[in-house]
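Just below is one structure, and these are the notes that go with it.
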Amino acid sequence: MPGPNGRNPHSGAPAAATAYVNARIVDPASGLDIKGALVTEGGLVRDFGPALFKDSPPLALDVVDCQGKILAPGLVDMRVQLREPGEEHKETIATAAEAASAGGVTAMVCLPNTEPCIDDVAGVEFVARRAREARATKVFCYAAATLGAEGKELAEMGLLGEMGAIGFTDGIKALADSQVMRRILAYSRAFDALVLQHPEDPALARGAAMNEGETSMRLGLPGIPALAEVMMIERDLRLVEMTGARFHIMHVSTAEGVDAIRRAKARGLRITCDTAPPYFTLTENDIGEYRTFFKVSPPLRTERDREAVIAGLADGTIDAIASDHAPQDQDAKRVPFAQAEFGVVGLETLLPLSLALYQKGRMPLIDVLKKLTAAPAAILRLPLGRIAKGASADLVLFDPDRPWVVDAKRFKSKSKNSPFDEMPVQGKALRTIVAGRTLYEAAPA
Amino acid sequence: MSPIVRPERAVAPAPAVPFRHRHLLGIEGLSAAEITEILDIADHYVELNRRGGAKSSLLRGRTMVNLFFESSTRTRTSFELAGKRLGADAINMSADGSSVKKGETLLDTAITLNAMHVDVLIVRHPESGAVKLLADKVNCIVMNGGDGQHEHPTQALLDALTIRRRKGRLQGLIVTICGDVLHSRVARSNIHLLNIMGARVRVVAPPTLLPGAIGRMGVEAFTDMKKGLADADIVMMLRLQNERMQGRYVPSTREYFRFFGLDYDKLGAAKPDALIMHPGPMNRGVEIDSEVADDFGRSVIQEQVEMGVAVRMACLDILTRALRSNTPPAEDAN
């Protein structure tokens with residue numbers, strides 16, 4: 001683990017040895033998809049395979065019968081907002097960890113947009129300590145790329161990286177100033193640090209509430225043009241080409257954005273990107289009559305964009321899927337649309353919404369899982385998101401087909417701002433295991 | 001460690017090759033033979049200065065003006081001392097007290113100086129190229145005392161003299177220049193000189209303080225200081241030139257010191273007898289640890305100052321040769 005917040009949260013008391021039998025073990029990192037068993041011990045995966053326990057049943061172990069369901073690496077959610085410190089009425093690290101476990105997420109990375117902003121070593125240490133105290137999901141954090149995430153003065157990337165920050169971003173704010181961005185990207189090379197960008201030209205997005213187009217016109221809402229995304233992506237790609245930085249583009253939402261990234265990757269640029277379930281599940285039309293739970297940043301786009309995002313996921317242009325978990329309380333959302341805060345909670349719907357790509361025949365199951373596990377772990381250079389002997393036993397047991405209806409009232413998250421409330425979905429986490437310890441078990445169907 | 005002592009001579013040695021330049025505007029364009037000649041003569045002046053007392057009359061009756069558009073203590077004093085030791089009338093003009101502050105253009109200043117019949121003009125200016133502009137317009141000999149981020153030739157020469165006296169040579173040495181290369185005229189002049197003289201030059205800096213095309217100057221660039229210092233014979237530290245920065249290039253001085261400040265840990269990568277140099281003024285705890293700066297056995301920072309006077313005397317000597325052979329000093333001078 002690179003930092004203190006990555007430490008095994010259960011190091012004080014090692015988990016008992018447990019055998020998971022009768023499982024379908026799927027590991028996207030190695031391409032494995034077998035029926036078999038898996039043993040965890042001391043927080044690590046000790047062994048697994050089709051022949052394990054075939055002749056001699058496990059003795060002196062806790063045994064979990066997986067009933068043929070999928071045992072996969074726990075989800076690595078590369079972008080969440082935890083609201084702690086500063087907005088604990090919306091979410092805390094502890095409540096977010098509960099939500100993560102209920103959603104099959106075993107590791108998550110928080111954005112630095114808290115109050116105060118995580119832009120110094122004390123902030124990184126705070127998150128690490130609170131995560132240790134929660135003794136649950138592994139929590140990592142990005143530090144702000146600039147002081148106060150104000151986009152002006154470089155943050156201490158070297159010292160923050162040593163303290164455990166695994167990437168640098170101004171989070172929900174775009175790094176807009178080209179000179180500052182150039183310096184951030186150049187400076188990051190001294191430490192081979194990852195820089196992440198919210199790709200949106202803030203001048204074009206200023207004061208706007210939704211995607212610019214026919215719908216925003218009819219609703220009479222100020223719009224953010226799709227151009228705001230692709231312009232920023234194109235500019236950043238030039239700067240990345242110049243500086244050679246490790247660069248990640250967060251939540252791509254437009255067809256043009258996907259295209260620009262596809263072309264850059266074809267040119268051999270060292271870049272990655274992700275998207276979030278709203279962008280391949282919903283469109284601007286779902287906003288209906290000013291439903292503020294559908295107000296996200298970047299905004300929901302058109303059907304053409306949604307299709308392009310799915311195509312990007314399928315052809316590998318988009319590397320990963322993150323929840324974009326952004327808890328907001330009633331006060332922040334029960335206001336006129338233009339005044340409402342951006343964001344939706346996502347930890348507890350990440351798995352089923354992503355699995356819909358598989359159920360609708362858009363992607364093989366193992367590819368969907370990879371975008372939730374091995375791919376984000378590789379981008380972040382974390383030794384997670386895979387099933388391997390000696391690897392941390394961070395696992396999710398899930399039923400890919402089990403139907404259920406999203407009920408936001410029952411979310412573990414402190415905030416309930418989900419646009420997916422009452423939506424019928426398929427695929428449910430049955431058991432979530434972090435460092436060999438079961439943190440969550442679903443009620444039987 | 002013992003300095004190489006040149007045989008003593010009553011007068012400066014005769015030039016093996018004629019010095020081809022009227023002015024000293026930069027290192028770029030000088031030949032290895034010309035640099036060697038300057039260093040040889042400077043060696044002679046080091047000994048002369050160490051003996052003390054004997055003021056030369058080489059430049060008696062000549063006027064040397066220090067025209068400094070940028071604040072300076074050591075360079076200006078060093079030039080002044082060099083001029084006075086050679087018998088010249090050395091006068092300081094700082095931009096603060098002059099008509100420059102009243103709006104006079106650089107070219108008007110040149111015309112004024114021409115009317116005063118100055119023999120040698122030492123110029124420091126915050127703009128790159130300003131010294132060349134002035135040199136094109138005045139009738140006297142011009143020496144560059146540092147122009148913007150372009151060149152500071154006498155600094156590179158005094159650094160070379162310091163190294164040569166300690167190590168006996170420049171050829172083949174690994175010299176690592178660390179710090180704000182982007183804004184440093186000292187770095188540029190040193191890179192030129194060391195390359196001309198056959199040293200292997202490396203630079204170490206955060207990527208924000210390395211010019212993108214630095215590889216084209218014949219150096220190896222590093223962002224990891226220990227790698228850049230590996231087996232180095234010479235470690236040259238540079239100051240963060242905050243006055244030349246638009247916005248922030250590094251996040252904080254504590255981070256800078258942690259990753260790019262010279263301390264014993266990082267110095268351990270260099271050769272055990274590596275010399276530590278700094279053109280001054282030093283910022284202790286920013287680019288260099290106090291203990292390292294004061295390390296008696298390895299830091300030659302004080303020696304650099306001594307070499308500065310000798311090198312500037314040598315430059316004045318060489319550049320005024322033609323002047324001295326063509327025209328006698330004005331009768332009324334002195």
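Residues are referred to by chain and number: the chain letter is A, B, ... according to the order shown in the structure tokens, the number counts from 1 in that chain, and ligands are numbered separately from 1 in the order shown.
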Q: Using only C-alpha atoms, determine which residues of chain B fall within 12 Å of chain A; present them as a PyMOL selection string.
A: chain B and resi 204-213+221-225+246-260
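Running DSSP on the backbone and keeping only strand (DSSP E or B), the residues of stretch 187-308 of chain A that qualify are Leu194, Val195, Leu196, Gln197, Met210, Asn211, Gly223, Ile224, Arg246, Phe247, His248, Ile249, Ile271, Thr272, Cys273, Asp274 and Thr275 of chain A.
The coordinates place atom CA of A:Tyr20 at 13.8 Å from atom CA of A:Gly43.
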May I have a table of the residues of stretch 189-240 of chain A lying at most 12 Å from stretch 302-312 of chain A, giving each one's closest pair of atoms and their distance in Å to one decimal, counting only C-alpha atoms, ordered by chain and ascending residue number, as a tab-separated table?
residue	atom	partner	partner_atom	distance
A:Met210	CA	A:Thr302	CA	11.0
A:Asn211	CA	A:Thr302	CA	8.2
A:Glu212	CA	A:Thr302	CA	9.8
A:Gly213	CA	A:Thr302	CA	8.8
A:Glu214	CA	A:Thr302	CA	9.9
A:Thr215	CA	A:Thr302	CA	9.4
A:Ser216	CA	A:Thr302	CA	11.3
A:Pro225	CA	A:Thr302	CA	11.3
A:Ala226	CA	A:Asp305	CA	9.3
Residues from last step as file, C-alpha atoms, as a compact mmCIF listing (two decimals), in the first residue's frame:
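Generated output (again_29.txt):
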# COMPACT_ATOMS: atom_id res chain seq x y z
CA MET A 210 -27.87 21.23 -17.61
CA ASN A 211 -26.80 20.17 -21.07
CA GLU A 212 -27.28 22.89 -23.65
CA GLY A 213 -29.74 21.96 -26.38
CA GLU A 214 -33.38 21.60 -27.18
CA THR A 215 -34.32 20.42 -23.70
CA SER A 216 -32.57 23.24 -21.90
CA PRO A 225 -22.58 22.98 -24.23
CA ALA A 226 -20.99 19.61 -24.98
Q. Looking only at the backbone, which of the residues in stretch 62-92 of chain B does DSSP tag as alpha helix (DSSP H), as a VMD selection string?
A. chain B and resid 74 to 85
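The spacing separating atom CA of A:Ala149 from atom CA of A:Met108 amounts to 20.4 Å.
The closest residue to A:Val434, picked from A:Val63, A:Val26, A:Ala393, A:Val405 and counting only C-alpha atoms, is A:Ala393.
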